[in-house]
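Visitor: Below you'll find the structure I mean.
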Amino acid sequence: MAGILRGEIRWADLDPTRGQEQSGQRPVLILSADVFNERSGTVIAVALTSQEPRAGFPLTLRLMTRGLPKQSWVKISQIRVLSTERIGRRIARASAEDLARVVEGLNEIIGG
């Protein structure tokens with residue numbers, strides 16, 4: 001598989017899941033650094049949804065990325081470490097601004 005790069009939005013297989021975790025085939029935004037993705041066999045990603053969320057920032061962020069099939073929101077609270085074997089084709093690439101906002105939201109959630 002071609003390298004998985006930070007900021008890419010890719011399809012991922014999130015099953016099996018438990019409880020309130022996002023499930024199924026869905027887009028994810030890759031947060032981890034390129035070198036980590038290449039060497040670890042895993043990526044750190046957050047799930048996307050096309051369902052308008054009730055919660056706002058910092059739990060979710062509306063993406064303005066071109067190339068997505070539907071209007072999408074990043075579910076910042078749905079961060080996962082995924083095997084690269086779960087990662088599929090590239091859909092789009094998030095802007096540097098959107099990526100920075102997601103990291104900012106994550107820092108608020110975890111108290112950074």
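The way I read the labels, and the way they are meant: chains A, B, ... in the order of the structure tokens, residue 1 as the first residue of every chain, and ligand 1 as the first ligand shown, with later ones counted on from there.
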Apply DSSP to the structure's backbone, then extract all residues of chain A labelled strand (DSSP E) and return them as a CSV table (one decimal) with N, CA and C atoms, in the first residue's frame.
Guide:
chain,number,residue,atom,x,y,z
A,8,GLU,N,-4.5,13.0,5.6
A,8,GLU,CA,-5.3,12.3,4.6
A,8,GLU,C,-6.6,11.9,5.2
A,9,ILE,N,-7.6,11.8,4.4
A,9,ILE,CA,-8.9,11.2,4.8
A,9,ILE,C,-9.0,10.0,4.0
A,10,ARG,N,-9.1,8.8,4.7
A,10,ARG,CA,-9.1,7.5,4.0
A,10,ARG,C,-10.3,6.7,4.5
A,11,TRP,N,-10.7,5.7,3.7
A,11,TRP,CA,-11.7,4.7,4.2
A,11,TRP,C,-11.0,3.8,5.2
A,12,ALA,N,-11.7,3.4,6.2
A,12,ALA,CA,-11.2,2.4,7.2
A,12,ALA,C,-12.3,1.5,7.6
A,13,ASP,N,-11.9,0.3,7.9
A,13,ASP,CA,-12.8,-0.7,8.5
A,13,ASP,C,-12.7,-0.7,10.0
A,25,GLN,N,-17.5,0.6,7.8
A,25,GLN,CA,-16.6,1.2,6.8
A,25,GLN,C,-16.9,2.7,6.8
A,26,ARG,N,-16.0,3.5,7.1
A,26,ARG,CA,-16.2,5.0,7.2
A,26,ARG,C,-14.9,5.7,7.0
A,27,PRO,N,-15.0,7.0,6.6
A,27,PRO,CA,-13.8,7.8,6.5
A,27,PRO,C,-13.2,8.1,7.8
A,28,VAL,N,-11.9,8.2,7.9
A,28,VAL,CA,-11.1,8.6,9.0
A,28,VAL,C,-10.1,9.6,8.6
A,29,LEU,N,-9.8,10.5,9.5
A,29,LEU,CA,-8.7,11.5,9.3
A,29,LEU,C,-7.5,11.1,10.0
A,30,ILE,N,-6.4,10.9,9.3
A,30,ILE,CA,-5.1,10.5,9.8
A,30,ILE,C,-4.5,11.6,10.6
A,42,THR,N,0.7,1.0,12.3
A,42,THR,CA,-0.5,1.5,12.8
A,42,THR,C,-0.6,3.0,12.5
A,43,VAL,N,-1.8,3.5,12.6
A,43,VAL,CA,-2.0,5.0,12.5
A,43,VAL,C,-2.9,5.4,13.6
A,44,ILE,N,-2.9,6.7,13.9
A,44,ILE,CA,-3.8,7.3,14.9
A,44,ILE,C,-4.7,8.2,14.0
A,45,ALA,N,-6.0,7.9,14.2
A,45,ALA,CA,-7.0,8.5,13.4
A,45,ALA,C,-8.3,8.9,14.2
A,46,VAL,N,-9.1,9.8,13.6
A,46,VAL,CA,-10.4,10.1,14.1
A,46,VAL,C,-11.4,9.8,13.1
A,47,ALA,N,-12.6,9.3,13.5
A,47,ALA,CA,-13.7,9.0,12.6
A,47,ALA,C,-14.4,10.2,12.1
A,48,LEU,N,-15.0,10.1,10.9
A,48,LEU,CA,-15.8,11.1,10.4
A,48,LEU,C,-17.3,10.6,10.3
A,49,THR,N,-18.2,11.5,10.3
A,49,THR,CA,-19.6,11.2,10.2
A,49,THR,C,-20.3,12.2,9.3
A,60,THR,N,-16.7,17.8,18.1
A,60,THR,CA,-16.8,17.6,16.7
A,60,THR,C,-16.3,18.9,16.0
A,61,LEU,N,-16.0,18.7,14.7
A,61,LEU,CA,-15.6,19.9,13.8
A,61,LEU,C,-16.1,19.6,12.4
A,62,ARG,N,-16.8,20.6,11.9
A,62,ARG,CA,-17.3,20.5,10.5
A,62,ARG,C,-16.1,20.7,9.6
A,73,TRP,N,-18.4,15.8,9.4
A,73,TRP,CA,-17.9,16.3,10.7
A,73,TRP,C,-16.8,15.3,11.2
A,74,VAL,N,-15.8,15.8,11.8
A,74,VAL,CA,-14.8,15.0,12.5
A,74,VAL,C,-15.3,14.7,13.9
A,75,LYS,N,-15.3,13.5,14.3
A,75,LYS,CA,-15.7,13.2,15.7
A,75,LYS,C,-14.4,13.1,16.5
A,76,ILE,N,-14.0,14.2,17.0
A,76,ILE,CA,-12.7,14.4,17.6
A,76,ILE,C,-12.6,13.4,18.8
A,77,SER,N,-13.7,13.2,19.5
A,77,SER,CA,-13.7,12.3,20.6
A,77,SER,C,-13.6,10.8,20.2
A,78,GLN,N,-13.7,10.5,18.9
A,78,GLN,CA,-13.6,9.1,18.5
A,78,GLN,C,-12.2,8.8,17.9
A,79,ILE,N,-11.2,9.0,18.7
A,79,ILE,CA,-9.8,8.8,18.3
A,79,ILE,C,-9.5,7.3,18.5
A,80,ARG,N,-8.8,6.8,17.5
A,80,ARG,CA,-8.4,5.3,17.5
A,80,ARG,C,-7.0,5.1,17.0
A,81,VAL,N,-6.4,4.0,17.5
A,81,VAL,CA,-5.2,3.5,16.9
A,81,VAL,C,-5.6,2.3,16.0
A,82,LEU,N,-5.3,2.4,14.7
A,82,LEU,CA,-5.8,1.4,13.8
A,82,LEU,C,-4.6,0.7,13.1
A,83,SER,N,-4.6,-0.6,12.9
A,83,SER,CA,-3.7,-1.2,12.0
A,83,SER,C,-3.7,-0.7,10.6
A,87,ILE,N,-6.8,0.3,6.8
A,87,ILE,CA,-6.9,1.5,6.1
A,87,ILE,C,-7.0,1.2,4.6
A,88,GLY,N,-8.0,1.9,4.0
A,88,GLY,CA,-8.2,1.7,2.6
A,88,GLY,C,-7.8,2.9,1.7
A,89,ARG,N,-8.5,3.1,0.6
A,89,ARG,CA,-8.1,4.2,-0.3
A,89,ARG,C,-8.3,5.6,0.2
A,90,ARG,N,-7.5,6.5,-0.4
A,90,ARG,CA,-7.5,7.9,0.0
A,90,ARG,C,-8.8,8.5,-0.6
A,91,ILE,N,-9.5,9.3,0.1
A,91,ILE,CA,-10.7,10.0,-0.4
A,91,ILE,C,-10.3,11.5,-0.6
A,92,ALA,N,-9.6,12.1,0.3
A,92,ALA,CA,-9.3,13.6,0.2
A,92,ALA,C,-8.2,13.9,1.2
A,93,ARG,N,-7.9,15.2,1.3
A,93,ARG,CA,-6.9,15.6,2.2
A,93,ARG,C,-7.5,16.9,3.0
Visitor: Give me, as a list in words, the residues of region 10-108 of chain A that a backbone DSSP run labels alpha helix (DSSP H).
Guide: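 Everything in region 10-108 of chain A that counts as alpha helix (DSSP H) is Asp34, Val35, Phe36, Asn37, Glu38, Arg39, Ser40, Ala96, Glu97, Asp98, Leu99, Ala100, Arg101, Val102, Val103, Glu104, Gly105, Leu106, Asn107 and Glu108 of chain A.
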Visitor: Go ahead and compute the interatomic distance for CA of Arg39 (chain A) and CA of Arg101 (chain A), in Å to one decimal.
Guide: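 These two atoms are separated by 26.0 Å.
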Visitor: Tell me, in Å to one decimal, how far CA of Met64 (chain A) is from CA of Asn107 (chain A).
Guide: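 These two atoms are separated by 20.9 Å.
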Visitor: Quick one: of A:Leu5, A:Arg18, A:Ala33, A:Gly105, who's nearest to Leu59 (chain A), counting only C-alpha atoms?
Guide: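 Using only C-alpha atoms, the shortest distance to Leu59 (chain A) belongs to A:Gly105.
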Visitor: Would you mind reading off the distance between CA of Glu108 (chain A) and CA of Ala55 (chain A), one decimal, in Å?
Guide: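 Between these atoms lies a distance of 14.2 Å.
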Visitor: Pick out the closest residue to Gly67 (chain A) from this set: A:Gly41, A:Arg86, A:Ala94, A:Pro53. Count only C-alpha atoms.
Guide: A:Ala94
Visitor: Please determine, counting only C-alpha atoms, which residue among A:Leu14, A:Leu31, A:Ile4, A:Val102 has the shortest atom-to-atom distance to Pro58 (chain A).
Guide: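 For Pro58 (chain A), the nearest of the given residues is A:Val102.
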Visitor: Which of these, A:Arg6, A:Lys70, A:Ala96, A:Val103, has the shortest distance to Glu38 (chain A) once you count only C-alpha atoms?
Guide: A:Arg6
Visitor: My list of candidates is A:Ser40, A:Thr17, A:Leu106, A:Gln51. Which is closest to Gln71 (chain A) when distances are computed with only C-alpha atoms?
Guide: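 Of the candidates, the smallest distance to Gln71 (chain A) is held by A:Gln51.
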Visitor: Which of these, A:Thr84, A:Ser50, A:Ser23, A:Asn37, has the shortest distance to Gly7 (chain A) once you count only C-alpha atoms?
Guide: A:Asn37
